[in-house]
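Structure data (PDB, C-alpha atoms) from protein.pdb:
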ATOM      1  CA  MET I   1      17.295   4.742 -61.951  1.00  0.00           C
ATOM      2  CA  ARG I   2      16.571   8.247 -63.144  1.00  0.00           C
ATOM      3  CA  LEU I   3      13.108   7.257 -64.358  1.00  0.00           C
ATOM      4  CA  GLY I   4      12.333   5.921 -60.876  1.00  0.00           C
ATOM      5  CA  ALA I   5      13.250   9.267 -59.318  1.00  0.00           C
ATOM      6  CA  VAL I   6      11.045  11.140 -61.774  1.00  0.00           C
ATOM      7  CA  LEU I   7       8.120   8.811 -61.101  1.00  0.00           C
ATOM      8  CA  ALA I   8       8.596   9.186 -57.348  1.00  0.00           C
ATOM      9  CA  ALA I   9       8.597  12.980 -57.697  1.00  0.00           C
ATOM     10  CA  TRP I  10       5.377  12.905 -59.724  1.00  0.00           C
ATOM     11  CA  ALA I  11       3.755  10.600 -57.177  1.00  0.00           C
ATOM     12  CA  GLY I  12       4.735  13.003 -54.396  1.00  0.00           C
ATOM     13  CA  LEU I  13       3.255  15.952 -56.256  1.00  0.00           C
ATOM     14  CA  ALA I  14       0.018  14.079 -56.876  1.00  0.00           C
ATOM     15  CA  LEU I  15      -0.234  13.185 -53.194  1.00  0.00           C
ATOM     16  CA  ALA I  16       0.413  16.776 -52.138  1.00  0.00           C
ATOM     17  CA  ALA I  17      -2.187  18.085 -54.585  1.00  0.00           C
ATOM     18  CA  GLY I  18      -4.742  15.636 -53.171  1.00  0.00           C
ATOM     19  CA  SER I  19      -4.034  16.802 -49.632  1.00  0.00           C
ATOM     20  CA  VAL I  20      -4.467  20.448 -50.584  1.00  0.00           C
ATOM     21  CA  GLY I  21      -7.762  19.658 -52.295  1.00  0.00           C
ATOM     22  CA  THR I  22      -9.056  17.967 -49.167  1.00  0.00           C
ATOM     23  CA  ALA I  23      -8.039  20.904 -46.990  1.00  0.00           C
ATOM     24  CA  LEU I  24      -9.672  23.391 -49.339  1.00  0.00           C
ATOM     25  CA  ALA I  25     -12.878  21.364 -49.473  1.00  0.00           C
ATOM     26  CA  ALA I  26     -13.411  21.840 -45.733  1.00  0.00           C
ATOM     27  CA  GLU I  27     -12.116  25.338 -45.132  1.00  0.00           C
ATOM     28  CA  SER I  28     -15.293  26.982 -43.869  1.00  0.00           C
ATOM     29  CA  CYS I  29     -17.673  26.600 -40.964  1.00  0.00           C
ATOM     30  CA  SER I  30     -20.539  25.994 -43.384  1.00  0.00           C
ATOM     31  CA  SER I  31     -18.701  23.073 -45.020  1.00  0.00           C
ATOM     32  CA  PHE I  32     -18.319  21.417 -41.611  1.00  0.00           C
ATOM     33  CA  GLN I  33     -21.987  22.125 -40.913  1.00  0.00           C
ATOM     34  CA  LYS I  34     -22.949  20.361 -44.152  1.00  0.00           C
ATOM     35  CA  THR I  35     -20.913  17.352 -43.061  1.00  0.00           C
ATOM     36  CA  CYS I  36     -22.650  17.424 -39.674  1.00  0.00           C
ATOM     37  CA  ALA I  37     -26.058  17.556 -41.364  1.00  0.00           C
ATOM     38  CA  ALA I  38     -25.178  14.592 -43.580  1.00  0.00           C
ATOM     39  CA  ARG I  39     -24.060  12.638 -40.528  1.00  0.00           C
ATOM     40  CA  CYS I  40     -27.347  13.438 -38.756  1.00  0.00           C
ATOM     41  CA  GLN I  41     -29.274  12.215 -41.770  1.00  0.00           C
ATOM     42  CA  GLN I  42     -27.195   9.058 -42.001  1.00  0.00           C
ATOM     43  CA  ARG I  43     -27.085   8.101 -38.321  1.00  0.00           C
ATOM     44  CA  LEU I  44     -30.434   9.441 -37.095  1.00  0.00           C
ATOM     45  CA  PRO I  45     -32.749   9.890 -40.091  1.00  0.00           C
ATOM     46  CA  ARG I  46     -35.889  10.107 -37.925  1.00  0.00           C
ATOM     47  CA  ASP I  47     -34.462  12.555 -35.378  1.00  0.00           C
ATOM     48  CA  LYS I  48     -35.693  15.978 -36.475  1.00  0.00           C
ATOM     49  CA  ASP I  49     -33.817  17.609 -33.570  1.00  0.00           C
ATOM     50  CA  CYS I  50     -30.328  16.451 -34.554  1.00  0.00           C
ATOM     51  CA  MET I  51     -29.598  19.489 -36.714  1.00  0.00           C
ATOM     52  CA  PRO I  52     -30.936  22.199 -34.379  1.00  0.00           C
ATOM     53  CA  ASP I  53     -29.641  20.496 -31.223  1.00  0.00           C
ATOM     54  CA  HIS I  54     -26.242  19.410 -32.487  1.00  0.00           C
ATOM     55  CA  CYS I  55     -25.112  21.035 -35.742  1.00  0.00           C
ATOM     56  CA  THR I  56     -26.556  24.534 -35.315  1.00  0.00           C
ATOM     57  CA  PRO I  57     -24.758  25.193 -31.986  1.00  0.00           C
ATOM     58  CA  LYS I  58     -21.504  23.929 -33.521  1.00  0.00           C
ATOM     59  CA  LEU I  59     -21.995  26.280 -36.488  1.00  0.00           C
ATOM     60  CA  THR I  60     -22.695  29.218 -34.171  1.00  0.00           C
ATOM     61  CA  GLU I  61     -19.542  28.460 -32.173  1.00  0.00           C
ATOM     62  CA  CYS I  62     -17.493  28.067 -35.346  1.00  0.00           C
ATOM     63  CA  ARG I  63     -18.681  31.390 -36.714  1.00  0.00           C
ATOM     64  CA  ALA I  64     -17.610  33.025 -33.443  1.00  0.00           C
ATOM     65  CA  THR I  65     -14.219  31.300 -33.094  1.00  0.00           C
ATOM     66  CA  GLY I  66     -13.264  29.938 -36.518  1.00  0.00           C
ATOM     67  CA  CYS I  67     -12.915  26.453 -34.986  1.00  0.00           C
ATOM     68  CA  TRP I  68     -15.026  23.314 -35.402  1.00  0.00           C
ATOM     69  CA  GLN I  69     -14.907  20.543 -32.803  1.00  0.00           C
ATOM     70  CA  GLU I  70     -15.767  17.117 -34.209  1.00  0.00           C
ATOM     71  CA  GLY I  71     -17.886  14.838 -32.083  1.00  0.00           C
ATOM     72  CA  LYS I  72     -16.344  11.905 -30.203  1.00  0.00           C
ATOM     73  CA  LEU I  73     -17.803   9.445 -32.720  1.00  0.00           C
ATOM     74  CA  TYR I  74     -15.729  11.130 -35.435  1.00  0.00           C
ATOM     75  CA  GLY I  75     -12.434  11.423 -33.587  1.00  0.00           C
ATOM     76  CA  GLY I  76     -12.996  14.670 -31.689  1.00  0.00           C
ATOM     77  CA  ALA I  77     -10.547  16.687 -33.820  1.00  0.00           C
ATOM     78  CA  LEU I  78     -10.471  20.447 -33.422  1.00  0.00           C
ATOM     79  CA  THR I  79     -10.031  22.263 -36.736  1.00  0.00           C
ATOM     80  CA  CYS I  80      -9.302  25.997 -36.582  1.00  0.00           C
ATOM     81  CA  ASN I  81      -8.585  28.920 -38.891  1.00  0.00           C
ATOM     82  CA  LEU I  82     -11.767  28.213 -40.838  1.00  0.00           C
ATOM     83  CA  LYS I  83     -13.631  30.835 -42.806  1.00  0.00           C
ATOM     84  CA  LYS I  84     -16.490  31.943 -40.582  1.00  0.00           C
ATOM     85  CA  SER I  85     -19.013  31.719 -43.386  1.00  0.00           C
TER
END

Encoded form using structure tokens:
Amino acid sequence: MRLGAVLAAWAGLALAAGSVGTALAAESCSSFQKTCAARCQQRLPRDKDCMPDHCTPKLTECRATGCWQEGKLYGGALTCNLKKS
């Protein structure tokens, strides 16, 4: 019984550490912009205007507010308190 509790505690710590890593990986406006650029390349590889028309305005807004608004195709989440770099 005690071993089960220890294993459960370790599993919880591992899960928490994974969540923190994910949050830290996307803590800046530029990290969201990189994701946006990758999505442009994946979804619309021939559209040379995707980045300047879609990602660049989002980056400009994020650098002003510290918030990034995902597109509707990606859930529309608003993430704030980002580093404005």

Could you state the separation of atom CA of I:Glu61 and atom CA of I:Cys36 in Å, given to one decimal place?
13.7 Å

Have a look at atom CA of I:Leu44 and atom CA of I:Arg63 and let me know their distance in Å, one decimal.
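Atom-to-atom, atom CA of I:Leu44 and atom CA of I:Arg63 are spaced 24.9 Å apart.
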
Name the residues that the PyMOL selection byres ((chain I and resi 65) around 9) pulls out of this structure, and write them as a VMD selection string.
chain I and resid 60 to 64 66 to 68 80 to 82 84

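In terms of minimum interatomic distance to I:Ser31, I:Leu59 ranks closest within I:Tyr74, I:Arg43, I:Leu59, I:Asp49, counting all atoms listed in the file.
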
What's around I:Leu73 at 12 Å? Count only C-alpha atoms, leave out sequence neighbours fewer than 3 positions away in its own chain, and write the answer as a PyMOL selection string.
chain I and resi 36+39-40+43+69-70+76-77

Measuring between all atoms listed in the file, which one of I:Ser85, I:Gln42, I:Gln33, I:Ser28 shows the shortest distance to I:His54?
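The answer is I:Gln33, which sits nearest to I:His54.
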